[in-house]
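What follows is the content of target28.tsv (TSV, C-alpha atoms).
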```tsv
chain	number	residue	atom	x	y	z
A	1	MET	CA	0.00	0.00	0.00
A	2	PRO	CA	1.61	3.34	-1.03
A	3	ARG	CA	2.17	5.92	1.68
A	4	LYS	CA	1.22	9.52	1.15
A	5	LYS	CA	4.08	11.96	1.83
A	6	ILE	CA	3.37	14.28	4.75
A	7	ARG	CA	4.63	17.88	4.41
A	8	GLY	CA	8.34	17.42	3.78
A	9	LEU	CA	8.78	13.87	4.98
A	10	LEU	CA	10.48	11.32	2.75
A	11	ASP	CA	9.62	7.73	2.04
A	12	HIS	CA	12.55	6.53	4.20
A	13	GLN	CA	11.02	4.14	6.74
A	14	ASN	CA	12.15	3.83	10.34
A	15	THR	CA	11.45	0.87	12.62
A	16	TYR	CA	7.90	2.05	13.23
A	17	GLY	CA	7.07	2.39	9.54
A	18	LEU	CA	7.06	6.20	9.74
A	19	SER	CA	8.69	8.43	7.14
A	20	MET	CA	11.49	10.59	8.52
A	21	PRO	CA	13.86	13.19	7.02
A	22	ILE	CA	17.32	11.75	6.36
A	23	THR	CA	19.58	14.62	5.18
A	24	ARG	CA	20.33	18.08	6.59
A	25	ASN	CA	18.35	19.64	3.75
A	26	ASP	CA	15.42	17.29	4.42
A	27	ILE	CA	15.48	18.22	8.11
A	28	ARG	CA	15.75	21.95	7.32
A	29	ASN	CA	12.85	21.71	4.84
A	30	TYR	CA	10.77	19.65	7.28
A	31	TYR	CA	11.08	22.30	10.01
A	32	ASP	CA	10.71	25.20	7.57
A	33	GLU	CA	7.45	23.69	6.33
A	34	ASN	CA	6.05	22.46	9.66
A	35	THR	CA	7.16	24.83	12.45
A	36	ARG	CA	4.21	27.18	11.98
A	37	LEU	CA	1.91	24.14	12.06
A	38	PHE	CA	3.50	22.99	15.34
A	39	LEU	CA	3.04	26.48	16.79
A	40	ALA	CA	-0.59	26.66	15.63
A	41	PHE	CA	-1.47	24.28	18.47
A	42	ASN	CA	-0.42	27.04	20.87
A	43	ASN	CA	-3.05	29.73	21.44
A	44	SER	CA	-0.42	32.17	22.71
A	45	LYS	CA	1.75	34.66	20.84
A	46	GLN	CA	4.68	33.50	22.99
A	47	ALA	CA	7.27	31.01	21.78
A	48	GLN	CA	6.21	27.48	22.56
A	49	ASN	CA	8.43	24.49	23.13
A	50	ILE	CA	8.39	22.08	20.23
A	51	HIS	CA	9.80	19.24	22.35
A	52	ARG	CA	7.66	16.74	24.22
A	53	SER	CA	6.09	17.52	27.55
A	54	LEU	CA	7.09	15.63	30.72
A	55	TRP	CA	4.16	15.09	33.03
A	56	THR	CA	5.91	14.74	36.38
A	57	ASP	CA	4.07	14.97	39.70
A	58	ASP	CA	4.87	18.70	39.85
A	59	ALA	CA	3.48	19.47	36.38
A	60	GLN	CA	-0.19	20.36	36.56
A	61	THR	CA	-0.58	22.30	33.29
A	62	LEU	CA	0.74	21.82	29.74
A	63	GLU	CA	3.01	24.85	30.16
A	64	GLU	CA	4.51	23.35	33.34
A	65	ALA	CA	4.94	19.95	31.63
A	66	LEU	CA	6.68	21.57	28.66
A	67	ASN	CA	9.06	23.40	30.99
A	68	VAL	CA	10.06	20.40	33.15
A	69	THR	CA	12.98	19.74	30.80
A	70	ASN	CA	13.92	23.44	30.67
A	71	GLU	CA	13.93	23.68	34.47
A	72	ARG	CA	16.16	20.63	34.80
A	73	ILE	CA	18.58	22.07	32.25
A	74	ARG	CA	18.58	25.43	34.10
A	75	ALA	CA	19.43	23.68	37.37
A	76	GLU	CA	22.30	21.77	35.72
A	77	ILE	CA	23.65	24.98	34.18
A	78	GLU	CA	23.65	26.72	37.56
A	79	SER	CA	25.45	23.76	39.13
A	80	VAL	CA	28.28	24.24	36.61
A	81	ALA	CA	28.24	28.05	36.40
A	82	PRO	CA	26.36	29.65	39.31
A	83	THR	CA	26.70	33.15	37.77
A	84	GLY	CA	27.54	34.56	34.35
A	85	ALA	CA	26.70	31.33	32.49
A	86	ARG	CA	27.53	31.33	28.77
A	87	ILE	CA	25.18	28.82	27.17
A	88	ALA	CA	24.14	27.42	23.80
A	89	ASP	CA	21.02	25.50	22.81
A	90	LEU	CA	21.94	23.47	19.73
A	91	GLY	CA	18.76	22.61	17.86
A	92	CYS	CA	16.90	25.46	19.59
A	93	GLY	CA	13.74	25.50	17.49
A	94	VAL	CA	12.02	28.85	18.01
A	95	GLY	CA	13.99	29.56	21.20
A	96	ALA	CA	11.42	28.67	23.85
A	97	GLY	CA	13.95	26.81	26.00
A	98	LEU	CA	16.31	29.80	26.07
A	99	PHE	CA	13.40	32.16	26.78
A	100	TYR	CA	12.61	30.08	29.84
A	101	ILE	CA	16.19	29.46	31.03
A	102	VAL	CA	18.05	32.76	30.45
A	103	PRO	CA	15.83	35.03	32.59
A	104	ARG	CA	16.01	32.52	35.46
A	105	LEU	CA	19.82	32.34	35.54
A	106	LYS	CA	21.81	34.51	37.94
A	107	GLU	CA	23.53	37.26	35.94
A	108	PRO	CA	23.50	35.33	32.65
A	109	ALA	CA	25.91	36.18	29.88
A	110	SER	CA	24.68	36.20	26.31
A	111	ALA	CA	23.32	32.95	24.90
A	112	LEU	CA	23.33	31.26	21.51
A	113	GLY	CA	20.48	29.35	19.88
A	114	MET	CA	21.29	27.39	16.73
A	115	THR	CA	18.92	25.66	14.32
A	116	LEU	CA	19.08	24.41	10.74
A	117	SER	CA	15.83	26.22	9.92
A	118	PRO	CA	15.88	29.84	8.72
A	119	VAL	CA	12.13	29.95	9.46
A	120	GLN	CA	12.85	29.03	13.11
A	121	VAL	CA	15.66	31.63	13.32
A	122	HIS	CA	13.28	34.31	12.02
A	123	LEU	CA	10.53	33.32	14.48
A	124	ALA	CA	13.01	33.03	17.38
A	125	ASN	CA	14.27	36.57	16.71
A	126	GLN	CA	10.68	37.85	16.65
A	127	PHE	CA	9.93	36.10	19.96
A	128	ALA	CA	13.21	37.45	21.42
A	129	LYS	CA	12.08	41.00	20.68
A	130	LEU	CA	8.66	40.31	22.22
A	131	ASN	CA	10.36	38.92	25.33
A	132	GLU	CA	12.86	41.82	25.44
A	133	LEU	CA	15.74	39.33	25.12
A	134	GLY	CA	16.93	40.35	21.65
A	135	ASN	CA	20.16	41.84	23.02
A	136	GLN	CA	20.89	38.82	25.21
A	137	ILE	CA	20.17	35.84	22.95
A	138	LEU	CA	21.64	35.40	19.48
A	139	PHE	CA	19.85	33.01	17.12
A	140	ALA	CA	21.77	31.62	14.17
A	141	GLU	CA	21.15	29.22	11.33
A	142	GLY	CA	23.65	26.40	11.36
A	143	ASP	CA	24.45	22.74	11.81
A	144	PHE	CA	25.09	21.86	15.46
A	145	THR	CA	27.67	19.25	14.46
A	146	HIS	CA	29.79	22.10	13.00
A	147	VAL	CA	29.53	24.87	15.61
A	148	PRO	CA	32.09	27.59	14.86
A	149	LEU	CA	32.90	28.07	18.56
A	150	LYS	CA	35.36	26.35	20.83
A	151	SER	CA	33.66	24.42	23.61
A	152	GLU	CA	35.70	26.45	26.12
A	153	ALA	CA	33.83	29.58	24.97
A	154	LEU	CA	30.71	28.23	26.66
A	155	ASP	CA	29.90	26.97	30.14
A	156	ALA	CA	27.03	24.76	29.00
A	157	ILE	CA	25.93	23.32	25.69
A	158	TYR	CA	22.70	21.39	25.48
A	159	SER	CA	20.16	19.97	23.07
A	160	VAL	CA	16.64	18.76	23.69
A	161	GLU	CA	15.67	15.97	21.31
A	162	ALA	CA	17.58	17.56	18.38
A	163	VAL	CA	20.45	15.06	18.49
A	164	VAL	CA	18.14	12.45	16.92
A	165	HIS	CA	18.47	14.39	13.67
A	166	ALA	CA	22.29	14.32	13.62
A	167	GLN	CA	23.64	12.41	10.66
A	168	GLU	CA	26.98	12.31	12.46
A	169	PRO	CA	26.12	12.29	16.19
A	170	GLU	CA	29.73	11.43	17.02
A	171	ARG	CA	30.72	14.91	15.70
A	172	TYR	CA	28.29	16.47	18.16
A	173	PHE	CA	29.66	14.53	21.14
A	174	LYS	CA	33.33	14.24	20.11
A	175	LYS	CA	34.47	17.78	20.88
A	176	ARG	CA	32.38	18.33	23.97
A	177	VAL	CA	32.31	17.24	27.55
A	178	VAL	CA	28.71	16.23	27.93
A	179	TYR	CA	27.03	15.77	31.29
A	180	CYS	CA	24.70	12.82	31.19
A	181	GLY	CA	22.69	12.37	34.32
A	182	VAL	CA	19.33	11.26	35.53
A	183	VAL	CA	17.30	13.63	37.66
A	184	GLU	CA	15.14	11.63	40.02
A	185	ASN	CA	11.75	12.85	41.13
```

Structure translated into structure tokens:
Amino acid sequence: MPRKKIRGLLDHQNTYGLSMPITRNDIRNYYDENTRLFLAFNNSKQAQNIHRSLWTDDAQTLEEALNVTNERIRAEIESVAPTGARIADLGCGVGAGLFYIVPRLKEPASALGMTLSPVQVHLANQFAKLNELGNQILFAEGDFTHVPLKSEALDAIYSVEAVVHAQEPERYFKKRVVYCGVVEN
């Protein structure tokens, strides 16, 4: 039975029989074509997380569930750099994670958000202006496996779910010290 292509997805099948993008251009096109659709589910003019929600015991609303991950990342950043943290979100989407984390850090330095999608960069910059964070967070189009910064230039580098799109995940992890931990409830 032939499968109908869904807005930018290819016929490449994964284990679950779903079509998924397989090249950087496919991923870029997928997010360029679908980001506004993802955001349409949000009735707010604020940036919304595109990642999955985590319904922990403390999360009572969708907004709280979407920010469980962001809060855990913020806590880890502060454990490494209690003040003046220089951070990057690689695979930042429309910047919602940074919009949550940066204002909650103690004396944060500037932050970087990187995504393959020029549509997401454009939207992230619009949301940054709305959140009055345009001078504090830089959004750039780029491939997070080829970040033009030395790891030492940043105190914390993180990604939420974006690593699944890396064609060369070893390039992402190779030049970085990555903290992998489990936060228990």

_Just the number, please: distance in Å from atom CA of A:Asn135 to atom CA of A:Val102, one decimal._
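Computing it gives 11.9 Å between the two atoms.
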
_List as a VMD selection string the protein and nucleic acid residues near A:Glu78, meaning an atom at most 12 Å away when all atoms listed in the file are counted, but skip any in the same chain fewer than 2 places from it._
chain A and resid 71 to 76 80 to 87 101 to 102 104 to 108 155 to 156

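Proximity to A:Val119 was assessed for A:Leu133, A:Ala59, A:Val94, A:Leu138 counting all atoms listed in the file; the smallest distance is recorded for A:Val94.
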
*Proximity to A:Asp143 - best of A:Ala88, A:Met114, A:Val121, A:Val160, only C-alpha atoms*: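 Of all the options, A:Met114 lies closest to A:Asp143.
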
_Proximity to A:Leu154 - best of A:Ala109, A:Leu123, A:Leu130, A:Leu98, all atoms listed in the file_ = A:Ala109

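Going from atom CA of A:Ile50 over to atom CA of A:Asn67, you cover 10.9 Å.
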
*Do you have the atom CA of A:Asp58-atom CA of A:Val164 distance handy?*
27.2 Å

*Give the answer as one residue: which of A:Phe99, A:Pro118, A:Gln167, A:Glu161 has the shortest atom-to-atom distance to A:Ile137, using only C-alpha atoms?*
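Of the candidates, the smallest distance to A:Ile137 is held by A:Phe99.
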
*Find, counting only C-alpha atoms, the residue in A:Ala40, A:Gln120, A:Leu112, A:Val68 that gets nearest to A:Tyr100.*
A:Val68

*Given the choices A:Ser117, A:Ser110, A:His51, A:Gly93, which gets closest to A:Ile27 if the distance is worked out from all atoms listed in the file?*
A:Ser117
